[in-house]
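One structure below.
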Amino acid sequence: MTTTHTYDAVIVGAGGAGLRAAIEASDRVRTAVISKLYPTRSHTGAAQGGMCAALGNVEEDYPEWHAFDTVKGGDYLVDQPAALLMTEEAVDAVYQLEHWGLPFNRTLDGKIDQRRFGGHTRNHGEAAVRRACYAADRTGHMILQTLYQQCVKRDVRFFNEFYCLDLLFEDDRVAGVVAYELANGELHVFRTSSVLFATGGYGRMFRVTSNAHALTGDGPAVAYRRGIPLEDMEFYQFHPTGLYRLGVLLSEAARGEGGIVRNAGGERFMERYAPTIKDLAPRDVVSRSIYQEIREGRGAGPNGDYVYLDLTHLDPAIIEEKLPDITEFARVYLQVEPTREPVPIQPTAHYAMGGIPTNVEGQVVMGPEETPVPGLYAAGECACVSVHGANRLGTNSLLDIVVFGRRGGAHMAEHAKDAGPPVLPDDAIGPTLAMLDGFLTRERRESPADIRRELQDTLFDEAFVVRTEESLTRAQDTLADLRDRYETLGVQDKGSIYNTDLMETVELGFLLDCADTLVAAARDRTESRGGHYREDHPLRDDANWLKHSLAYRKDGGGVRLDYKPVQMGPYIPMERKY
Amino acid sequence: MTTAGEILQASDRREVRREPGRVPLTLKIRRFNPELSADSWWDEFTVQADPFERLVEVLHELKWRHDGTLSFRRSCVHGVCGSDAMLINGRNALACKILVKEVEPRVTIEPIRGLPVLKDLIVDMDPFFDGYRTVLPYLVNDGGEPSEERRQSPEQRARYDDTTKCILCAACTTACPIFWGDDGYVGPAAIVNAHRFIFDSRDEAGRERLKILSEKTGVFRCRTTFNCTDACPRGIEVTKAIQEVKREILFERF
C-alpha cells in the first residue's frame, strides 16, 4: 500500500539544520519534516563544546577574524565568500537562539559567556581567542532542544521514523521523495516542488567514530544515485580526542578550558608540533601529531596505541561546571576519574567536510558551472557549501547548521511559492520497491553486519588519518568485493513492523556509496591538505590541487571525478603554521 | 601533589585489569511481534561479552549474529540521544549506559512500561510526546526581541540548569506507577520540561504552565515515590523539580 502526500516543502532530517530550515519554511508554506529518528534523537544533540560567533563579550573580536581562522583552518579549500557570510551572520544567529530560550552559560554581567576553541584566534593567528558561545559541554543538546521547542510552538508536521529512500524528478526539477514508514513497512510518496536534505554525516563507515549508528549518509547517497555529484568527499575530519576504543567524543572544549594532550611519557607533545597555540591547534594537526607519537613508540597502553587527555591540573569545580558530560563518559565507559587521572584517547572519525554541493542559499548545484537543481536543497553536515574546506574548525558545524539551515529553509519556501506542484513520475516507487523486495525475498546467506564490519575496518585501516596510494588502492579493491556481496544480501526479518534489519541493510548500501566516493577522491588527490594526509605526497600543492573534487556515479557503478575551482577572496594561501 | 608519571602508572594498572577477556552473559529478553503472535514471549540468549561492552552493543551482536528480527531503538549509544530506554533487571535505564560487568552473568530486558509495545523493546512514544506538548515546552516572551542577548545572571541561569539536561528518553515517566495506572497524568518528563521554563527568568508563561499542571492530570498526581529520579540517566533530580512546581502552584494559589 502506498500513500501519497502533497506538501509545498519537504525537509529530510530533523537535526539542527533540518529543524532550523523547518522553522523558516513552515512560517511561509505547507511544510513536512521526514525523519528516521524522533527529532530529539538527532546527532546534533551530541555536539558538545560550543558555537563560535564574534560577539566580543569577553574580549575583542570581529567576524572578519573568525572568517580568516575558518579559511586558514580549512587549509584554503574554503569558499571564502561563504565563510565571510557565515561568520558575519553568526552573531545574529546566536542572539536568535538566545531569544528562543537557549540556556547559554553567562558572564557575571549576564551576557553570553565565551571560551577558547581550537584554531580560533585573535587578529589572524596571534593567540587563542574566546569566541565559542556554549552551554556547559552540551551546546548541541541545547540547540537541538531549542529548535525542536520552536517547531512544537509552530506545530510543524513531523513524519517520525520515516526513511527517505529515493528522490523523484519531473524532467530536471524536483518532484518529491519516496519514504519508508518503519512502523508498518508502507511506502509513502511525498509530492513536492522543494526538498531539503539535512541528513547529517556518514561516520559509521569507520570502525572508530564519534557518530551515532544512524549516521549512514542517506541524503548524499540518495542524491548520488540520482546523478548529483558529491563534493570534497576525501576531506573527512578525525577528531583527536575520542575515548579509547569507543570513539565517543571528548570535546575540544576540554582543551579550551586548559586540558593538555600527553604521550605515554607524560610529555606535552603539541609544544613540538604547534608551538604557538599548542593543544588548541586545529583537529587535523592534533590528530596527525597523535598518530606520529604513536608511530614513534610514544603511545600508551599494552599496544601503545593511545595517548592521554589530561585534565588533572584543572580546578575540579570548573570541570564539574563546564565539562560535566565528558567527564561522565570517561567515568562510565573507561572507569577513569578525569579529575585525578588522564583519560586514554585516540583519534575518532567525526565529521564530513564534503557532501552534496550547495551555494550559500542552500541550493544544490551541479558541475563546475554550479547550476542549481530546481527545488533541491541541502544543509548541515550532508551539504558542502563549502565553509569548512579541507578541515572544519571546532564549533563551526553548529554555526553552519543554523546559518545555512535558515537560508535553505527560506529559499526553498520562496521556490515552492513560485514553482507550483510538480507532476510525479510514473511508477514513482518502482525502484525503491525493487530494492526492498530484493532484500526481503533473498535468503540470508551472510549477515549484513559482516559486510559493514569489513567496510569499517577497511576505511579505518586504509583511509583514516594517514593514507597512501597503496592503502587507498587496497581499500578500492575491498569495496568492490563488498559491493558484489552486498548485491546478493537477504535479510532475516521478513516482516513489515519495525523491520530495522531491512533498514540497516539499506543504510549499509548508503555507506558503501559514500565510501566509494571518499576513497576514489582520496586516491586521486596527490597532495596533503587539511584532513586529507597522503604520506606519499606530504605537502600541499596549490598549483595543482587548489580545487574542489566532484564525484559522480557512473552508470553501472564506479566513480567519475571532476573538479571545480575554489571561490577565493581576501585571503591568499600561505603556509599553515600554528 | 601527584605527578603525571604516577598518574599514568595508575591508569596503566587498570589497563591490565580490564583485559581479562570475555565473560558469559545470559540475556532474557521479552519479545513481541504482532505479525507472529498476539502474546509476548521470553527468549534467552547466552553470549561471551567483553565486561566493558555496553549492553546495547551486546543487543546489536545478538541481532546481527543470531536473530535479525530482534528490534530495539538506538542511535548515539553514549547516553545523549535517549533512544534506548529499557527495563533492565527491573529498573529503567539506557542500554548504552549499562556495561556488561554491571549485570553479568544474567540480565533481564523488557520494554519500558506504560506505553503500548509495538515490537520487542520498541514502544509507542506518541503518548509520551503528547504529554510533553501540553505544557508549552518552549520559551514564551512577547516583549519584543532586543538587538543583543537578553541578560540573565549566572544565578538565574543556574536556577533551571538541572532540568535543561532532559533528553526526553521517557525513562522517568515510564518508571512512574501513577503514569502506569492513569491515562491522563502528564508524567515526570513533561513536568521537568515545564520546570525548565517556569524557572527561566526570561520566560513569561509560567503562570499558564502552572495552571495546566494544577489540573487533575498535573503535578498533584505525583506520590513522591522517587522512581523517576532513580531512573533518570541524566542525573536530573526529577522529584525535586516536581516538588518545586507543586510549591510554586500552592504559592501562586491556583
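In the C-alpha cells, each chain is lettered A, B, ... as it comes, each chain's residues begin at 1, and ligands are numbered from 1 in order of appearance.
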
Please build the interface table for chain B against chain A with a cut-off of 8 Å, listing for each qualifying residue the nearest atom pair and the distance in Å to one decimal; count only C-alpha atoms, order rows by chain and increasing number, and write it as a tab-separated table.
residue	atom	partner	partner_atom	distance
B:Ala4	CA	A:Gly266	CA	5.8
B:Gly5	CA	A:Gly266	CA	6.2
B:Ile7	CA	A:Glu341	CA	5.6
B:Leu8	CA	A:Pro342	CA	6.9
B:Ala10	CA	A:Glu341	CA	7.7
B:Ser11	CA	A:Glu341	CA	6.7
B:Asp12	CA	A:Gly301	CA	6.3
B:Glu15	CA	A:Gly301	CA	6.8
B:Val16	CA	A:Pro302	CA	7.8
B:Asn33	CA	A:Ile497	CA	8.0
B:Glu35	CA	A:Gly495	CA	7.2
B:Phe52	CA	A:Tyr333	CA	7.1
B:Trp64	CA	A:Ala449	CA	5.7
B:Arg65	CA	A:Ser447	CA	6.9
B:Asp67	CA	A:Gln492	CA	7.4
B:Gly68	CA	A:Gln492	CA	5.3
B:Thr69	CA	A:Asp493	CA	4.7
B:Ser71	CA	A:Thr500	CA	6.5
B:Arg74	CA	A:His213	CA	7.4
B:Ser75	CA	A:His213	CA	5.0
B:Cys76	CA	A:Ala212	CA	3.9
B:Val77	CA	A:Ala212	CA	6.7
B:His78	CA	A:Val248	CA	7.1
B:Val80	CA	A:Ala46	CA	6.1
B:Cys81	CA	A:Arg41	CA	4.4
B:Gly82	CA	A:Arg41	CA	6.3
B:Ser83	CA	A:Arg41	CA	6.4
B:Lys97	CA	A:Val332	CA	7.1
B:Leu99	CA	A:Tyr333	CA	7.7
B:Lys119	CA	A:Tyr498	CA	6.9
B:Arg133	CA	A:Val152	CA	7.2
B:Leu136	CA	A:Lys153	CA	7.5
B:Pro137	CA	A:Gln149	CA	6.1
B:Tyr138	CA	A:Gln149	CA	4.9
B:Leu139	CA	A:Gly101	CA	5.4
B:Glu145	CA	A:His99	CA	6.7
B:Ser147	CA	A:Tyr95	CA	7.7
B:Glu148	CA	A:Tyr95	CA	5.9
B:Glu149	CA	A:Tyr95	CA	5.3
B:Arg150	CA	A:His99	CA	7.0
B:Arg151	CA	A:Gly110	CA	4.7
B:Gln152	CA	A:Gly110	CA	4.5
B:Ser153	CA	A:Gly110	CA	4.3
B:Pro154	CA	A:Arg106	CA	5.4
B:Arg157	CA	A:Pro103	CA	7.1
B:Thr164	CA	A:Met142	CA	7.6
B:Ile167	CA	A:Thr40	CA	7.3
B:Leu168	CA	A:Thr40	CA	7.5
B:Arg202	CA	A:Gly101	CA	7.6

Prev. selection, C-alpha atoms, output as a compact mmCIF listing (two decimals), in the first residue's frame:
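Full text of result.txt as output:
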# COMPACT_ATOMS: atom_id res chain seq x y z
CA ALA B 4 51.83 12.97 35.66
CA GLY B 5 54.14 9.95 35.79
CA ILE B 7 49.01 9.16 37.32
CA LEU B 8 49.95 7.40 34.13
CA ALA B 10 47.82 4.22 37.99
CA SER B 11 45.94 4.30 34.74
CA ASP B 12 48.13 1.62 33.17
CA GLU B 15 44.52 -1.20 31.73
CA VAL B 16 45.90 -4.61 32.71
CA ASN B 33 5.81 -9.35 17.33
CA GLU B 35 2.80 -10.41 12.98
CA PHE B 52 33.36 -3.26 29.40
CA TRP B 64 23.50 -9.20 13.77
CA ARG B 65 24.70 -12.76 14.53
CA ASP B 67 18.32 -13.12 15.32
CA GLY B 68 17.83 -10.33 12.80
CA THR B 69 14.24 -9.85 13.92
CA SER B 71 14.12 -4.98 17.40
CA ARG B 74 19.27 3.12 19.45
CA SER B 75 21.33 5.83 17.90
CA CYS B 76 24.18 7.64 19.67
CA VAL B 77 24.98 4.78 22.09
CA HIS B 78 26.56 7.09 24.63
CA VAL B 80 22.68 11.62 24.91
CA CYS B 81 20.07 10.76 22.26
CA GLY B 82 17.64 8.96 24.57
CA SER B 83 16.58 6.23 22.15
CA LYS B 97 24.92 3.34 29.79
CA LEU B 99 28.15 -2.14 30.96
CA LYS B 119 7.56 -4.87 18.69
CA ARG B 133 3.46 19.10 24.22
CA LEU B 136 4.01 24.73 26.43
CA PRO B 137 7.58 23.40 26.22
CA TYR B 138 9.11 26.48 24.61
CA LEU B 139 10.15 29.93 25.73
CA GLU B 145 13.48 40.95 20.76
CA SER B 147 19.24 43.58 19.23
CA GLU B 148 21.58 41.65 21.53
CA GLU B 149 21.07 38.84 24.02
CA ARG B 150 18.63 39.14 26.89
CA ARG B 151 20.60 39.42 30.09
CA GLN B 152 20.50 36.59 32.59
CA SER B 153 22.79 36.35 35.60
CA PRO B 154 24.73 33.14 36.30
CA ARG B 157 20.81 30.60 34.76
CA THR B 164 17.69 21.61 30.83
CA ILE B 167 16.78 14.16 26.67
CA LEU B 168 13.12 13.00 26.55
CA ARG B 202 13.34 35.16 30.52

Distance query B:Gly114 at most 9 Å, only C-alpha atoms, self and fewer than 5 positions along chain excluded, as a ChimeraX atom specification: /B:173-177,179-181

Who sits within 12 Å of A:Arg226, only C-alpha atoms, same chain under 4 positions skipped, as a count of residues only: 21

Residue nearest B:Ile236 - candidates B:Pro111, B:Gly206, B:Pro188, B:Pro105, atoms counted: only C-alpha atoms: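 Nearest candidate to B:Ile236 out of B:Pro111, B:Gly206, B:Pro188, B:Pro105: B:Pro188.
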
Members of stretch 63-108 of chain B assigned strand (DSSP E or B) by DSSP, as an NGL selection string: :B and (85-88 or 91-94 or 99 or 106-108)

Restrict the selected residues to N, CA, C and O atoms and save them as a PDB file, in the first residue's frame.
ATOM      1  N   ALA B  85      15.988   3.618  26.093  1.00  0.00           N
ATOM      2  CA  ALA B  85      15.482   3.357  27.441  1.00  0.00           C
ATOM      3  C   ALA B  85      14.793   1.995  27.454  1.00  0.00           C
ATOM      4  O   ALA B  85      13.962   1.698  26.589  1.00  0.00           O
ATOM      5  N   MET B  86      15.169   1.165  28.409  1.00  0.00           N
ATOM      6  CA  MET B  86      14.594  -0.178  28.547  1.00  0.00           C
ATOM      7  C   MET B  86      14.481  -0.508  30.029  1.00  0.00           C
ATOM      8  O   MET B  86      15.116   0.139  30.871  1.00  0.00           O
ATOM      9  N   LEU B  87      13.692  -1.529  30.312  1.00  0.00           N
ATOM     10  CA  LEU B  87      13.574  -2.018  31.679  1.00  0.00           C
ATOM     11  C   LEU B  87      14.622  -3.119  31.845  1.00  0.00           C
ATOM     12  O   LEU B  87      14.468  -4.213  31.294  1.00  0.00           O
ATOM     13  N   ILE B  88      15.683  -2.802  32.557  1.00  0.00           N
ATOM     14  CA  ILE B  88      16.843  -3.696  32.646  1.00  0.00           C
ATOM     15  C   ILE B  88      16.973  -4.174  34.086  1.00  0.00           C
ATOM     16  O   ILE B  88      17.185  -3.367  34.992  1.00  0.00           O
ATOM     17  N   ARG B  91      14.742  -2.223  36.390  1.00  0.00           N
ATOM     18  CA  ARG B  91      14.885  -0.769  36.536  1.00  0.00           C
ATOM     19  C   ARG B  91      15.047  -0.132  35.170  1.00  0.00           C
ATOM     20  O   ARG B  91      15.719  -0.673  34.300  1.00  0.00           O
ATOM     21  N   ASN B  92      14.470   1.049  35.002  1.00  0.00           N
ATOM     22  CA  ASN B  92      14.627   1.763  33.739  1.00  0.00           C
ATOM     23  C   ASN B  92      16.041   2.317  33.608  1.00  0.00           C
ATOM     24  O   ASN B  92      16.570   2.914  34.548  1.00  0.00           O
ATOM     25  N   ALA B  93      16.616   2.111  32.436  1.00  0.00           N
ATOM     26  CA  ALA B  93      17.953   2.647  32.170  1.00  0.00           C
ATOM     27  C   ALA B  93      18.132   2.717  30.670  1.00  0.00           C
ATOM     28  O   ALA B  93      17.366   2.122  29.908  1.00  0.00           O
ATOM     29  N   LEU B  94      19.164   3.460  30.248  1.00  0.00           N
ATOM     30  CA  LEU B  94      19.550   3.426  28.840  1.00  0.00           C
ATOM     31  C   LEU B  94      20.503   2.244  28.653  1.00  0.00           C
ATOM     32  O   LEU B  94      21.485   2.113  29.393  1.00  0.00           O
ATOM     33  N   LEU B  99      27.072  -1.287  31.452  1.00  0.00           N
ATOM     34  CA  LEU B  99      28.150  -2.141  30.956  1.00  0.00           C
ATOM     35  C   LEU B  99      27.868  -3.597  31.347  1.00  0.00           C
ATOM     36  O   LEU B  99      27.207  -3.864  32.355  1.00  0.00           O
ATOM     37  N   ARG B 106      23.807 -12.467  34.278  1.00  0.00           N
ATOM     38  CA  ARG B 106      22.453 -12.653  33.792  1.00  0.00           C
ATOM     39  C   ARG B 106      21.709 -11.322  33.804  1.00  0.00           C
ATOM     40  O   ARG B 106      21.783 -10.580  34.781  1.00  0.00           O
ATOM     41  N   VAL B 107      20.997 -11.037  32.733  1.00  0.00           N
ATOM     42  CA  VAL B 107      20.243  -9.790  32.697  1.00  0.00           C
ATOM     43  C   VAL B 107      18.890 -10.027  32.028  1.00  0.00           C
ATOM     44  O   VAL B 107      18.785 -10.797  31.071  1.00  0.00           O
ATOM     45  N   THR B 108      17.876  -9.389  32.581  1.00  0.00           N
ATOM     46  CA  THR B 108      16.533  -9.457  32.010  1.00  0.00           C
ATOM     47  C   THR B 108      16.188  -8.105  31.399  1.00  0.00           C
ATOM     48  O   THR B 108      16.355  -7.072  32.054  1.00  0.00           O
TER      49      THR B 108
END

Interatomic distance, atom CA of B:Arg223 to atom CA of B:Glu248 (Å, one decimal): 17.0 Å

Of the listed residues B:Arg22, B:Arg54, B:Arg30, B:Arg113, that which approaches B:Gly79 most closely, counting only C-alpha atoms: B:Arg54

Contacts of A:Thr3 within 9 Å, only C-alpha atoms, excl. fewer than 6 positions in-chain, as a VMD selection string: chain A and resid 186 to 190

Non-local contacts of B:Cys172 (9 Å; only C-alpha atoms; under 2 positions in same chain excluded) as a PyMOL selection string: chain B and resi 92+169-170+174-176+187-189+227-233+238

Written file, previous selection with C-alpha atoms, as a PDB file, in the first residue's frame:
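selection.pdb written:
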ATOM      1  CA  ASN B  92      14.627   1.763  33.739  1.00  0.00           C
ATOM      2  CA  CYS B 169      14.064   9.313  26.804  1.00  0.00           C
ATOM      3  CA  ALA B 170      10.923   8.571  28.891  1.00  0.00           C
ATOM      4  CA  THR B 174       7.617   5.057  32.385  1.00  0.00           C
ATOM      5  CA  ALA B 175       9.093   4.297  35.825  1.00  0.00           C
ATOM      6  CA  CYS B 176       6.208   6.130  37.497  1.00  0.00           C
ATOM      7  CA  GLY B 187       4.130  12.299  33.855  1.00  0.00           C
ATOM      8  CA  PRO B 188       7.503  13.407  35.235  1.00  0.00           C
ATOM      9  CA  ALA B 189       9.225  14.286  31.937  1.00  0.00           C
ATOM     10  CA  ASN B 227      11.214   6.174  40.847  1.00  0.00           C
ATOM     11  CA  CYS B 228      11.662   8.953  38.316  1.00  0.00           C
ATOM     12  CA  THR B 229      14.754  10.354  39.976  1.00  0.00           C
ATOM     13  CA  ASP B 230      16.272   6.872  40.232  1.00  0.00           C
ATOM     14  CA  ALA B 231      15.550   6.221  36.561  1.00  0.00           C
ATOM     15  CA  CYS B 232      16.900   9.431  35.050  1.00  0.00           C
ATOM     16  CA  PRO B 233      20.054   8.660  33.036  1.00  0.00           C
ATOM     17  CA  VAL B 238      13.163  14.854  38.877  1.00  0.00           C
TER      18      VAL B 238
END

Atomic distance atom CA of B:Asp162 - atom CA of A:Thr395, expressed in Å with one decimal: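 Spanning atom CA of B:Asp162 to atom CA of A:Thr395 is a straight-line distance of 23.7 Å.
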
Selection: 7 Å around stretch 38-44 of chain B, only C-alpha atoms, excl. self and same-chain fewer than 5 positions, as a list of chain:residue names: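 In the requested format, the answer is B:Thr26, B:Leu27, B:Lys28, B:Ile29, B:Arg30, B:Arg31, B:Phe32.
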
Write to file, as an mmCIF file, in the first residue's frame, the residues of the selection just made, with C-alpha atoms.
data_model
loop_
_atom_site.group_PDB
_atom_site.id
_atom_site.type_symbol
_atom_site.label_atom_id
_atom_site.label_comp_id
_atom_site.auth_asym_id
_atom_site.auth_seq_id
_atom_site.Cartn_x
_atom_site.Cartn_y
_atom_site.Cartn_z
ATOM 1 C CA THR B 26 22.727 -14.699 29.595
ATOM 2 C CA LEU B 27 20.127 -12.286 28.301
ATOM 3 C CA LYS B 28 16.473 -12.952 28.961
ATOM 4 C CA ILE B 29 14.512 -10.710 26.623
ATOM 5 C CA ARG B 30 10.782 -10.125 26.447
ATOM 6 C CA ARG B 31 9.788 -10.464 22.811
ATOM 7 C CA PHE B 32 6.666 -9.317 20.998
#

Counting only C-alpha atoms, the option among B:Asn89, B:Gly143, B:Ala190, B:Pro116 closest to B:Gly131: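 Looking at the shortest contact to B:Gly131, the residue is B:Ala190.
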
Who sits within 7 Å of B:Phe199, only C-alpha atoms, same chain under 4 positions skipped, as a PyMOL selection string: chain B and resi 159-160+195

Backbone-only DSSP, helix (DSSP H, G or I) members of stretch 60-163 of chain B, as a list in words: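 Listing helix (DSSP H, G or I) positions across stretch 60-163 of chain B yields His60, Glu61, Leu62, Lys63, Trp64, Arg65, His66, Val100, Lys101, Glu102, Val103, Asp126, Pro127, Phe128, Phe129, Asp130, Gly131, Tyr132, Arg133, Pro154, Glu155, Gln156, Arg157, Ala158, Arg159, Asp162 and Thr163 of chain B.
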
Please, could you write that set of residues out with N, CA, C and O atoms as a compact mmCIF listing (two decimals), in the first residue's frame?
# COMPACT_ATOMS: atom_id res chain seq x y z
N HIS B 60 23.08 -5.55 19.81
CA HIS B 60 23.45 -5.50 18.39
C HIS B 60 24.04 -6.82 17.94
O HIS B 60 23.70 -7.33 16.87
N GLU B 61 24.97 -7.37 18.72
CA GLU B 61 25.60 -8.64 18.35
C GLU B 61 24.54 -9.73 18.21
O GLU B 61 24.58 -10.54 17.28
N LEU B 62 23.60 -9.75 19.14
CA LEU B 62 22.51 -10.74 19.05
C LEU B 62 21.74 -10.56 17.75
O LEU B 62 21.46 -11.52 17.03
N LYS B 63 21.42 -9.31 17.46
CA LYS B 63 20.63 -9.03 16.26
C LYS B 63 21.42 -9.40 15.01
O LYS B 63 20.88 -9.99 14.07
N TRP B 64 22.70 -9.05 14.99
CA TRP B 64 23.50 -9.20 13.77
C TRP B 64 23.97 -10.64 13.56
O TRP B 64 24.22 -11.06 12.45
N ARG B 65 24.15 -11.41 14.66
CA ARG B 65 24.70 -12.76 14.53
C ARG B 65 23.66 -13.85 14.73
O ARG B 65 23.83 -14.96 14.24
N HIS B 66 22.63 -13.58 15.51
CA HIS B 66 21.72 -14.66 15.90
C HIS B 66 20.29 -14.47 15.41
O HIS B 66 19.68 -15.39 14.90
N VAL B 100 28.40 -4.51 30.55
CA VAL B 100 28.19 -5.94 30.79
C VAL B 100 28.56 -6.31 32.22
O VAL B 100 27.85 -7.04 32.91
N LYS B 101 29.69 -5.76 32.71
CA LYS B 101 30.16 -6.17 34.03
C LYS B 101 29.21 -5.76 35.16
O LYS B 101 29.27 -6.31 36.24
N GLU B 102 28.33 -4.80 34.88
CA GLU B 102 27.37 -4.40 35.90
C GLU B 102 26.23 -5.38 36.04
O GLU B 102 25.53 -5.38 37.06
N VAL B 103 25.99 -6.19 35.02
CA VAL B 103 24.81 -7.06 35.04
C VAL B 103 25.15 -8.55 34.91
O VAL B 103 24.31 -9.40 35.17
N ASP B 126 4.36 8.13 21.03
CA ASP B 126 3.49 9.28 20.77
C ASP B 126 2.76 9.79 22.02
O ASP B 126 2.71 11.00 22.25
N PRO B 127 2.19 8.88 22.85
CA PRO B 127 1.52 9.40 24.06
C PRO B 127 2.48 10.19 24.96
O PRO B 127 2.09 11.19 25.58
N PHE B 128 3.72 9.73 25.01
CA PHE B 128 4.73 10.43 25.81
C PHE B 128 4.96 11.85 25.29
O PHE B 128 4.93 12.83 26.05
N PHE B 129 5.16 11.96 23.98
CA PHE B 129 5.39 13.30 23.41
C PHE B 129 4.12 14.16 23.45
O PHE B 129 4.21 15.38 23.53
N ASP B 130 2.94 13.50 23.39
CA ASP B 130 1.70 14.27 23.55
C ASP B 130 1.67 14.97 24.90
O ASP B 130 1.27 16.13 25.01
N GLY B 131 2.08 14.24 25.95
CA GLY B 131 2.12 14.83 27.29
C GLY B 131 3.08 16.00 27.35
O GLY B 131 2.77 17.06 27.90
N TYR B 132 4.23 15.81 26.75
CA TYR B 132 5.26 16.86 26.69
C TYR B 132 4.70 18.12 26.04
O TYR B 132 4.91 19.24 26.52
N ARG B 133 3.94 17.93 24.97
CA ARG B 133 3.46 19.10 24.22
C ARG B 133 2.42 19.91 24.98
O ARG B 133 2.21 21.08 24.66
N PRO B 154 24.37 34.55 36.09
CA PRO B 154 24.73 33.14 36.30
C PRO B 154 23.81 32.48 37.34
O PRO B 154 23.50 31.29 37.21
N GLU B 155 23.38 33.24 38.35
CA GLU B 155 22.49 32.65 39.37
C GLU B 155 21.12 32.33 38.76
O GLU B 155 20.54 31.28 39.03
N GLN B 156 20.60 33.25 37.94
CA GLN B 156 19.31 32.99 37.28
C GLN B 156 19.43 31.80 36.33
O GLN B 156 18.53 30.97 36.22
N ARG B 157 20.57 31.71 35.68
CA ARG B 157 20.81 30.60 34.76
C ARG B 157 20.89 29.27 35.52
O ARG B 157 20.39 28.23 35.05
N ALA B 158 21.50 29.31 36.70
CA ALA B 158 21.67 28.09 37.49
C ALA B 158 20.33 27.57 38.03
O ALA B 158 20.18 26.37 38.28
N ARG B 159 19.35 28.50 38.17
CA ARG B 159 18.08 28.13 38.80
C ARG B 159 17.38 26.99 38.06
O ARG B 159 16.68 26.19 38.66
N ASP B 162 19.35 22.21 36.03
CA ASP B 162 19.17 20.75 36.13
C ASP B 162 18.17 20.23 35.11
O ASP B 162 18.39 19.21 34.47
N THR B 163 17.07 20.95 34.93
CA THR B 163 16.01 20.43 34.05
C THR B 163 16.28 20.70 32.57
O THR B 163 15.56 20.18 31.72

Shortest interatomic distance to A:His120 - which of A:Gly247, A:Gly297, A:Pro229, A:Gly394, counting only C-alpha atoms: A:Gly394

Atom CA of A:Glu296 to atom CA of A:Glu469, distance in Å rounded to a single decimal: 21.9 Å
